[in-house]
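Novice: Structure file entry_10.csv (CSV, C-alpha atoms and all ligand atoms) right here:
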chain,number,residue,atom,x,y,z
A,1,MET,CA,133.7,141.4,84.3
A,2,ASN,CA,130.6,143.6,84.1
A,3,HIS,CA,131.9,146.2,81.7
A,4,VAL,CA,134.5,146.4,79.0
A,5,ILE,CA,135.2,150.0,80.0
A,6,ASP,CA,134.2,151.6,83.2
A,7,MET,CA,135.3,155.2,83.9
A,8,GLN,CA,134.0,157.2,86.8
A,9,GLY,CA,134.5,160.9,87.4
A,10,VAL,CA,137.7,161.0,85.3
A,11,TYR,CA,139.8,164.2,84.9
A,12,TRP,CA,143.0,164.5,83.1
A,13,LYS,CA,145.0,167.7,83.6
A,14,ASN,CA,148.2,168.7,82.0
A,15,GLY,CA,149.5,171.8,83.8
A,16,LYS,CA,146.6,174.3,83.7
A,17,ASP,CA,144.9,172.5,80.8
A,18,VAL,CA,142.0,170.3,81.7
A,19,LEU,CA,141.7,167.9,78.8
A,20,LEU,CA,139.1,165.5,80.3
A,21,LYS,CA,136.5,166.8,82.6
A,22,ASN,CA,134.4,164.5,84.8
A,23,VAL,CA,134.1,161.7,82.3
A,24,SER,CA,131.9,158.8,83.3
A,25,TRP,CA,131.4,156.1,80.7
A,26,LYS,CA,130.4,152.5,80.8
A,27,VAL,CA,130.8,150.2,77.8
A,28,GLY,CA,128.7,146.9,78.2
A,29,LEU,CA,129.8,143.5,77.0
A,30,GLN,CA,127.6,143.3,73.9
A,31,GLU,CA,127.9,146.9,72.8
A,32,HIS,CA,129.8,148.7,70.0
A,33,TRP,CA,130.4,152.4,70.5
A,34,ALA,CA,130.9,155.4,68.2
A,35,LEU,CA,132.8,158.4,69.6
A,36,LEU,CA,131.8,161.6,68.0
A,37,GLY,CA,133.5,165.0,68.6
A,38,LEU,CA,134.8,168.0,66.8
A,39,ASN,CA,138.6,168.5,66.4
A,40,GLY,CA,140.3,168.9,69.7
A,41,SER,CA,137.4,167.6,71.7
A,42,GLY,CA,139.5,165.0,73.5
A,43,LYS,CA,138.8,161.8,71.6
A,44,THR,CA,142.5,160.8,71.3
A,45,THR,CA,143.1,161.8,74.9
A,46,LEU,CA,140.3,159.5,76.0
A,47,LEU,CA,141.7,156.6,73.9
A,48,ASN,CA,145.2,157.2,75.3
A,49,MET,CA,143.7,156.8,78.7
A,50,ILE,CA,141.9,153.5,77.8
A,51,ASN,CA,145.3,152.2,76.6
A,52,GLY,CA,147.0,153.4,79.8
A,53,TYR,CA,149.3,155.8,78.1
A,54,ILE,CA,148.0,158.5,80.4
A,55,TRP,CA,146.8,158.2,83.9
A,56,PRO,CA,143.7,159.9,85.4
A,57,THR,CA,144.5,162.9,87.5
A,58,GLN,CA,141.3,162.1,89.4
A,59,GLY,CA,138.6,159.4,89.1
A,60,THR,CA,138.8,155.7,88.4
A,61,VAL,CA,139.3,153.7,85.2
A,62,SER,CA,138.7,149.9,84.6
A,63,VAL,CA,139.3,148.3,81.3
A,64,LEU,CA,138.4,144.7,80.6
A,65,GLY,CA,137.6,144.3,84.3
A,66,HIS,CA,141.1,145.5,85.4
A,67,ARG,CA,141.3,148.6,87.6
A,68,PHE,CA,144.2,150.9,86.7
A,69,GLY,CA,146.7,150.8,89.5
A,70,GLN,CA,146.1,147.0,89.9
A,71,VAL,CA,147.1,145.8,86.5
A,72,ASP,CA,150.2,145.6,84.3
A,73,LEU,CA,149.3,148.0,81.5
A,74,ARG,CA,151.6,146.3,79.1
A,75,ASP,CA,149.6,143.1,79.5
A,76,LEU,CA,146.3,145.0,79.2
A,77,ARG,CA,147.5,146.7,75.9
A,78,LYS,CA,147.9,143.2,74.3
A,79,SER,CA,144.1,142.9,74.5
A,80,ILE,CA,143.5,146.3,72.7
A,81,GLY,CA,143.9,146.8,69.0
A,82,TRP,CA,144.3,150.4,67.8
A,83,VAL,CA,144.0,151.1,64.1
A,84,SER,CA,145.0,154.7,63.2
A,85,SER,CA,146.6,156.4,60.3
A,86,SER,CA,149.8,157.0,62.2
A,87,LEU,CA,150.3,153.2,62.3
A,88,GLN,CA,150.4,153.2,58.5
A,89,GLU,CA,153.6,155.2,58.4
A,90,LYS,CA,155.4,152.9,60.7
A,91,LEU,CA,155.0,149.7,58.7
A,92,TYR,CA,157.4,148.6,55.9
A,93,GLY,CA,155.8,149.6,52.6
A,94,SER,CA,157.8,146.9,50.8
A,95,ASP,CA,156.3,144.1,52.9
A,96,LYS,CA,153.6,142.0,51.3
A,97,THR,CA,150.3,142.6,52.9
A,98,GLN,CA,150.2,139.0,54.2
A,99,PHE,CA,153.3,139.8,56.3
A,100,VAL,CA,151.8,143.1,57.5
A,101,VAL,CA,148.8,141.1,58.7
A,102,ILE,CA,150.6,138.1,60.2
A,103,SER,CA,153.1,140.3,62.1
A,104,GLY,CA,150.1,141.8,64.0
A,105,LYS,CA,150.0,138.6,66.0
A,106,TYR,CA,153.5,139.3,67.3
A,107,ALA,CA,153.0,143.1,67.6
A,108,THR,CA,156.1,143.6,65.4
A,109,ILE,CA,156.9,145.9,62.5
A,110,GLY,CA,158.1,143.3,60.0
A,111,LEU,CA,157.8,139.6,60.4
A,112,TYR,CA,160.6,137.7,62.2
A,113,GLU,CA,158.7,134.5,63.0
A,114,ARG,CA,158.6,131.4,60.9
A,115,LEU,CA,155.4,131.3,59.0
A,116,SER,CA,153.1,128.7,60.5
A,117,GLU,CA,150.2,127.2,58.7
A,118,GLU,CA,147.8,128.3,61.4
A,119,ASP,CA,148.9,132.0,61.2
A,120,THR,CA,148.7,131.9,57.4
A,121,SER,CA,145.2,130.5,57.3
A,122,ARG,CA,144.0,132.8,60.0
A,123,ALA,CA,145.4,135.8,58.1
A,124,GLU,CA,143.7,134.6,54.9
A,125,ALA,CA,140.4,134.2,56.6
A,126,LEU,CA,140.6,137.7,58.2
A,127,MET,CA,141.6,139.3,54.9
A,128,ARG,CA,138.7,137.6,53.2
A,129,THR,CA,136.3,138.8,55.9
A,130,LEU,CA,137.5,142.3,55.4
A,131,GLY,CA,137.3,142.1,51.6
A,132,CYS,CA,141.0,142.4,50.9
A,133,GLY,CA,141.9,138.8,50.3
A,134,HIS,CA,142.9,139.5,46.7
A,135,LEU,CA,145.7,141.8,48.0
A,136,TRP,CA,147.6,138.9,49.7
A,137,ASP,CA,150.7,139.1,47.5
A,138,ARG,CA,150.7,142.8,47.0
A,139,GLU,CA,153.3,145.2,48.5
A,140,PHE,CA,151.6,147.2,51.2
A,141,ARG,CA,152.8,150.5,49.7
A,142,THR,CA,151.0,149.8,46.5
A,143,CYS,CA,147.6,149.5,48.2
A,144,SER,CA,145.1,152.4,48.1
A,145,GLN,CA,144.2,154.2,51.3
A,146,GLY,CA,141.0,152.2,51.8
A,147,GLU,CA,142.8,148.9,51.1
A,148,LYS,CA,145.5,149.8,53.6
A,149,GLN,CA,142.9,150.4,56.2
A,150,LYS,CA,141.3,147.0,55.7
A,151,VAL,CA,144.8,145.4,55.9
A,152,LEU,CA,145.5,147.2,59.1
A,153,ILE,CA,142.2,146.1,60.6
A,154,ALA,CA,143.0,142.5,59.7
A,155,ARG,CA,146.5,143.0,61.2
A,156,ALA,CA,144.9,144.2,64.5
A,157,LEU,CA,142.6,141.2,64.6
A,158,MET,CA,145.5,138.8,64.3
A,159,ALA,CA,146.3,139.5,67.9
A,160,ASP,CA,142.7,138.5,69.0
A,161,PRO,CA,142.0,141.8,70.8
A,162,GLN,CA,139.0,142.2,73.1
A,163,ILE,CA,138.7,145.8,72.2
A,164,LEU,CA,139.4,147.2,68.7
A,165,ILE,CA,139.7,151.0,68.3
A,166,LEU,CA,139.0,152.3,64.8
A,167,ASP,CA,140.4,155.8,64.9
A,168,GLU,CA,138.9,157.8,62.0
A,169,PRO,CA,139.3,154.9,59.6
A,170,CYS,CA,137.5,156.7,56.8
A,171,ASN,CA,139.8,159.7,56.7
A,172,GLY,CA,141.0,160.5,53.3
A,173,LEU,CA,138.7,158.0,51.6
A,174,ASP,CA,136.6,158.8,48.6
A,175,LEU,CA,132.8,158.2,48.8
A,176,PHE,CA,133.0,154.7,47.3
A,177,SER,CA,136.1,153.5,49.2
A,178,ARG,CA,134.4,154.7,52.4
A,179,GLU,CA,131.3,152.7,51.7
A,180,ARG,CA,133.4,149.6,50.9
A,181,LEU,CA,135.3,150.0,54.2
A,182,LEU,CA,132.1,150.5,56.1
A,183,ASP,CA,130.8,147.3,54.5
A,184,SER,CA,133.8,145.4,55.7
A,185,ILE,CA,133.4,146.8,59.2
A,186,HIS,CA,129.8,145.6,59.1
A,187,GLU,CA,130.9,142.2,57.9
A,188,LEU,CA,133.4,142.0,60.8
A,189,THR,CA,130.6,142.5,63.3
A,190,GLN,CA,128.7,139.6,61.8
A,191,GLN,CA,131.5,137.1,62.7
A,192,GLU,CA,131.2,134.9,65.7
A,193,GLN,CA,133.8,136.5,67.9
A,194,THR,CA,133.9,140.2,67.3
A,195,PRO,CA,135.9,142.4,69.7
A,196,THR,CA,134.1,145.4,71.2
A,197,LEU,CA,134.5,148.1,68.6
A,198,LEU,CA,135.2,151.8,69.4
A,199,TYR,CA,134.7,153.8,66.3
A,200,VAL,CA,136.0,157.4,66.4
A,201,THR,CA,134.7,159.8,63.8
A,202,HIS,CA,133.7,163.4,63.0
A,203,HIS,CA,130.9,162.2,60.8
A,204,THR,CA,127.5,160.8,61.9
A,205,GLU,CA,126.8,159.1,58.6
A,206,GLU,CA,129.7,156.7,59.2
A,207,ILE,CA,128.0,155.4,62.4
A,208,LEU,CA,126.5,152.1,61.2
A,209,PRO,CA,123.5,150.6,62.9
A,210,VAL,CA,125.9,148.0,64.5
A,211,PHE,CA,127.2,150.8,66.7
A,212,SER,CA,124.6,150.4,69.4
A,213,HIS,CA,125.7,153.4,71.4
A,214,THR,CA,127.3,156.8,70.8
A,215,LEU,CA,129.3,159.1,73.0
A,216,LEU,CA,129.4,162.8,72.3
A,217,LEU,CA,132.5,164.6,73.5
A,218,ARG,CA,133.0,168.3,73.6
A,219,GLN,CA,135.9,170.1,75.1
A,220,GLY,CA,136.8,167.1,77.2
A,221,GLU,CA,133.3,166.6,78.5
A,222,VAL,CA,130.8,163.9,77.8
A,223,ILE,CA,127.8,165.9,76.5
A,224,HIS,CA,125.6,162.9,75.8
A,225,SER,CA,126.1,159.1,75.9
A,226,ASP,CA,123.2,156.9,75.0
A,227,ALA,CA,121.8,154.4,72.5
A,228,THR,CA,122.7,155.7,69.0
A,229,GLU,CA,119.1,156.0,67.9
A,230,ARG,CA,118.4,158.4,70.8
A,231,ILE,CA,121.6,160.4,70.1
A,232,MET,CA,120.8,160.8,66.4
A,233,GLU,CA,118.0,163.3,66.9
A,234,ALA,CA,118.1,166.9,65.7
A,235,ALA,CA,117.5,168.3,69.1
A,236,THR,CA,120.3,166.3,70.7
A,237,LEU,CA,122.8,166.9,68.0
A,238,SER,CA,121.9,170.7,67.8
A,239,ASP,CA,122.5,170.9,71.5
A,240,PHE,CA,125.8,169.1,71.1
A,241,PHE,CA,127.1,171.2,68.2
A,242,GLU,CA,125.7,174.3,69.8
A,243,ALA,CA,124.2,175.2,66.4
A,244,PRO,CA,120.9,174.2,64.8
A,245,VAL,CA,121.5,171.2,62.5
A,246,VAL,CA,119.1,169.3,60.2
A,247,VAL,CA,119.1,165.5,60.5
A,248,GLU,CA,118.3,163.3,57.5
A,249,LYS,CA,118.0,159.5,57.9
A,250,HIS,CA,118.8,157.1,55.1
A,251,ARG,CA,119.0,153.4,55.5
A,252,GLN,CA,119.5,153.6,59.3
A,253,ARG,CA,122.3,156.1,58.9
A,254,VAL,CA,122.1,159.8,59.8
A,255,TYR,CA,123.3,162.7,57.7
A,256,VAL,CA,123.7,166.0,59.4
A,257,ARG,CA,123.4,169.3,57.5
A,258,VAL,CA,124.2,172.8,58.7
A,259,PRO,CA,121.5,175.0,57.3
A,260,HIS,CA,123.2,178.3,57.9
A,261,LEU,CA,126.6,179.3,59.3
A,262,GLU,CA,126.9,182.7,60.8
A,263,ASP,CA,130.2,184.6,59.9
B,1,LIG,N1,149.7,166.5,76.1
B,1,LIG,C1,148.9,167.5,75.9
B,1,LIG,N2,149.1,168.6,76.7
B,1,LIG,C2,148.3,169.7,76.5
B,1,LIG,N3,147.3,169.8,75.6
B,1,LIG,C3,147.1,168.7,74.9
B,1,LIG,C4,147.9,167.5,75.0
B,1,LIG,N4,147.4,166.6,74.1
B,1,LIG,C5,146.4,167.2,73.5
B,1,LIG,N5,146.2,168.4,73.9
B,1,LIG,C6,145.1,169.3,73.6
B,1,LIG,O1,143.9,168.8,74.1
B,1,LIG,C7,142.8,168.9,73.2
B,1,LIG,C8,142.2,167.6,72.8
B,1,LIG,O2,143.1,166.9,72.0
B,1,LIG,P1,142.7,165.5,71.3
B,1,LIG,O3,143.9,165.1,70.5
B,1,LIG,O4,142.4,164.5,72.4
B,1,LIG,O5,141.4,165.8,70.5
B,1,LIG,P2,140.7,165.0,69.3
B,1,LIG,O6,139.2,165.0,69.7
B,1,LIG,O7,141.3,163.6,69.2
B,1,LIG,O8,140.9,165.9,68.1
B,1,LIG,P3,141.0,165.5,66.5
B,1,LIG,O9,139.6,165.1,66.1
B,1,LIG,O10,141.4,166.8,65.9
B,1,LIG,O11,142.0,164.4,66.3
B,1,LIG,C9,143.3,169.7,72.0
B,1,LIG,O12,143.1,171.1,72.2
B,1,LIG,C10,144.8,169.5,72.1
B,1,LIG,O13,145.6,170.6,71.6
Can you give me the file's structure in the form of structure tokens?
Ligand SMILES: Nc1ncnc2c1ncn2[C@@H]1O[C@H](COP(=O)(O)OP(=O)(O)OP(=O)(O)O)[C@@H](O)[C@H]1O
Specialist:
Amino acid sequence: MNHVIDMQGVYWKNGKDVLLKNVSWKVGLQEHWALLGLNGSGKTTLLNMINGYIWPTQGTVSVLGHRFGQVDLRDLRKSIGWVSSSLQEKLYGSDKTQFVVISGKYATIGLYERLSEEDTSRAEALMRTLGCGHLWDREFRTCSQGEKQKVLIARALMADPQILILDEPCNGLDLFSRERLLDSIHELTQQEQTPTLLYVTHHTEEILPVFSHTLLLRQGEVIHSDATERIMEAATLSDFFEAPVVVEKHRQRVYVRVPHLED
């Protein structure tokens, strides 16, 4: 396998609507990517395609070395973890977080397997890495939003995915919870076997230095895709947002300000 993701000239049309336009994107083996785009830019559509929930109208898609059309997508999906806020609502709030995490290995809502020592110690280790080990015995519903996100990331990792999608994980988090979650994500990338991370966001300041590359999506089109440090320049971001923006760097993260909004 040369690339984790390899899309060439991909279009996705639904009736008259063209939701992905000529998307070409290659994710290398040692890379972590951030996907940045405004509301409705096509980020979820792109992720749905990577997971094989939608099929390109035109163009080719390979994920983890498997070309769509030549692979059982149900098998492929087992190698992809997807953490999103919609998952939270599906889980049983009365389950202890340890069961929420362990059931990730079996891709079930609720745990129907006998607890093995191996699963338990793996779940403990993952929750510790993500800084939520102290929540082991807590009911999932009693966790804060930030804590729930950490539990869900640990849950996704139980299945040993090769790709982990973090879909706007900082949504709804206060300033401090957000920093704690970002710390946990950083910690995760320091482990020996980290899956390829795809981090979806609206906010440049969430893009940690570990995200080596960034893709900028606008109206279903890739406007820029490059090393993150090259993307995070005022000229590139102003071009992307189609408005002049001011870029401020602080501890290798980029904060974007809009100096003036016309009515
Ligand atoms: N099945 C569909 N048929 C037609 N239009 C769709 C469909 N799914 C999404 N869209 C439209 O395609 C555009 C892209 O949607 P998408 O959900 O991929 O954007 P997004 O970048 O994930 O947005 P957000 O940041 O708000 O979550 C939107 O205008 C949306 O209304």
Novice: As a quick test: using only C-alpha atoms and all ligand atoms, which residues lie no more than 10 Å away from ligand LIG 1 (chain B)? Give them as a PDB file with C-alpha atoms, in the frame of the given file.
Specialist:
ATOM      1  CA  TRP A  12     143.000 164.500  83.100  1.00  0.00           C
ATOM      2  CA  LYS A  13     145.000 167.700  83.600  1.00  0.00           C
ATOM      3  CA  ASN A  14     148.200 168.700  82.000  1.00  0.00           C
ATOM      4  CA  GLY A  15     149.500 171.800  83.800  1.00  0.00           C
ATOM      5  CA  LYS A  16     146.600 174.300  83.700  1.00  0.00           C
ATOM      6  CA  ASP A  17     144.900 172.500  80.800  1.00  0.00           C
ATOM      7  CA  VAL A  18     142.000 170.300  81.700  1.00  0.00           C
ATOM      8  CA  LEU A  19     141.700 167.900  78.800  1.00  0.00           C
ATOM      9  CA  LEU A  20     139.100 165.500  80.300  1.00  0.00           C
ATOM     10  CA  LEU A  35     132.800 158.400  69.600  1.00  0.00           C
ATOM     11  CA  LEU A  36     131.800 161.600  68.000  1.00  0.00           C
ATOM     12  CA  GLY A  37     133.500 165.000  68.600  1.00  0.00           C
ATOM     13  CA  LEU A  38     134.800 168.000  66.800  1.00  0.00           C
ATOM     14  CA  ASN A  39     138.600 168.500  66.400  1.00  0.00           C
ATOM     15  CA  GLY A  40     140.300 168.900  69.700  1.00  0.00           C
ATOM     16  CA  SER A  41     137.400 167.600  71.700  1.00  0.00           C
ATOM     17  CA  GLY A  42     139.500 165.000  73.500  1.00  0.00           C
ATOM     18  CA  LYS A  43     138.800 161.800  71.600  1.00  0.00           C
ATOM     19  CA  THR A  44     142.500 160.800  71.300  1.00  0.00           C
ATOM     20  CA  THR A  45     143.100 161.800  74.900  1.00  0.00           C
ATOM     21  CA  LEU A  46     140.300 159.500  76.000  1.00  0.00           C
ATOM     22  CA  LEU A  47     141.700 156.600  73.900  1.00  0.00           C
ATOM     23  CA  ASN A  48     145.200 157.200  75.300  1.00  0.00           C
ATOM     24  CA  ILE A  54     148.000 158.500  80.400  1.00  0.00           C
ATOM     25  CA  ASP A 167     140.400 155.800  64.900  1.00  0.00           C
ATOM     26  CA  GLU A 168     138.900 157.800  62.000  1.00  0.00           C
ATOM     27  CA  VAL A 200     136.000 157.400  66.400  1.00  0.00           C
ATOM     28  CA  THR A 201     134.700 159.800  63.800  1.00  0.00           C
ATOM     29  CA  HIS A 202     133.700 163.400  63.000  1.00  0.00           C
ATOM     30  CA  LEU A 217     132.500 164.600  73.500  1.00  0.00           C
ATOM     31  CA  ARG A 218     133.000 168.300  73.600  1.00  0.00           C
ATOM     32  CA  GLN A 219     135.900 170.100  75.100  1.00  0.00           C
ATOM     33  CA  GLY A 220     136.800 167.100  77.200  1.00  0.00           C
TER      34      GLY A 220
END
Novice: I'd like the contact shell of Lys96 (chain A) - 7 Å cut-off, only C-alpha atoms, skipping same-chain residues fewer than 5 positions apart - returned as a PyMOL selection string.
Specialist: chain A and resi 136-140
Novice: As an exercise, work out the distance from CA of Thr189 (chain A) to CA of Cys143 (chain A) in Å and give it to one decimal place.
Specialist: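 About the pair CA of Thr189 (chain A) and CA of Cys143 (chain A): they are 23.8 Å apart.
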Novice: Smallest atom-to-atom distance to Phe240 (chain A): which of A:Gln58, A:Ser85, A:Ser225, A:Gln191, using only C-alpha atoms?
Specialist: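 For Phe240 (chain A), the nearest of the given residues is A:Ser225.
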Novice: Would you work out the distance separating CA of Thr214 (chain A) from CA of Val83 (chain A), expressed in Å to one decimal?
Specialist: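 Between these atoms lies a distance of 18.9 Å.
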Novice: Ranking A:Thr196, A:Ser86, A:Thr120, A:Thr236 by minimum distance to Gly104 (chain A) and counting only C-alpha atoms, which one comes first?
Specialist: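 So, comparing all the options, the nearest one is A:Thr120.
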Novice: For Phe211 (chain A), please output as a VMD selection string all residues within 9 Å (counting only C-alpha atoms; exclusion window: fewer than 4 positions along the same chain).
Specialist: chain A and resid 31 to 34 197 to 199 207 227 to 228
Novice: Check the smallest atom-to-atom distance from each of A:Leu237, A:Val222, A:Val71, A:Val254 to Asn22 (chain A) using only C-alpha atoms, then report the winner.
Specialist: A:Val222
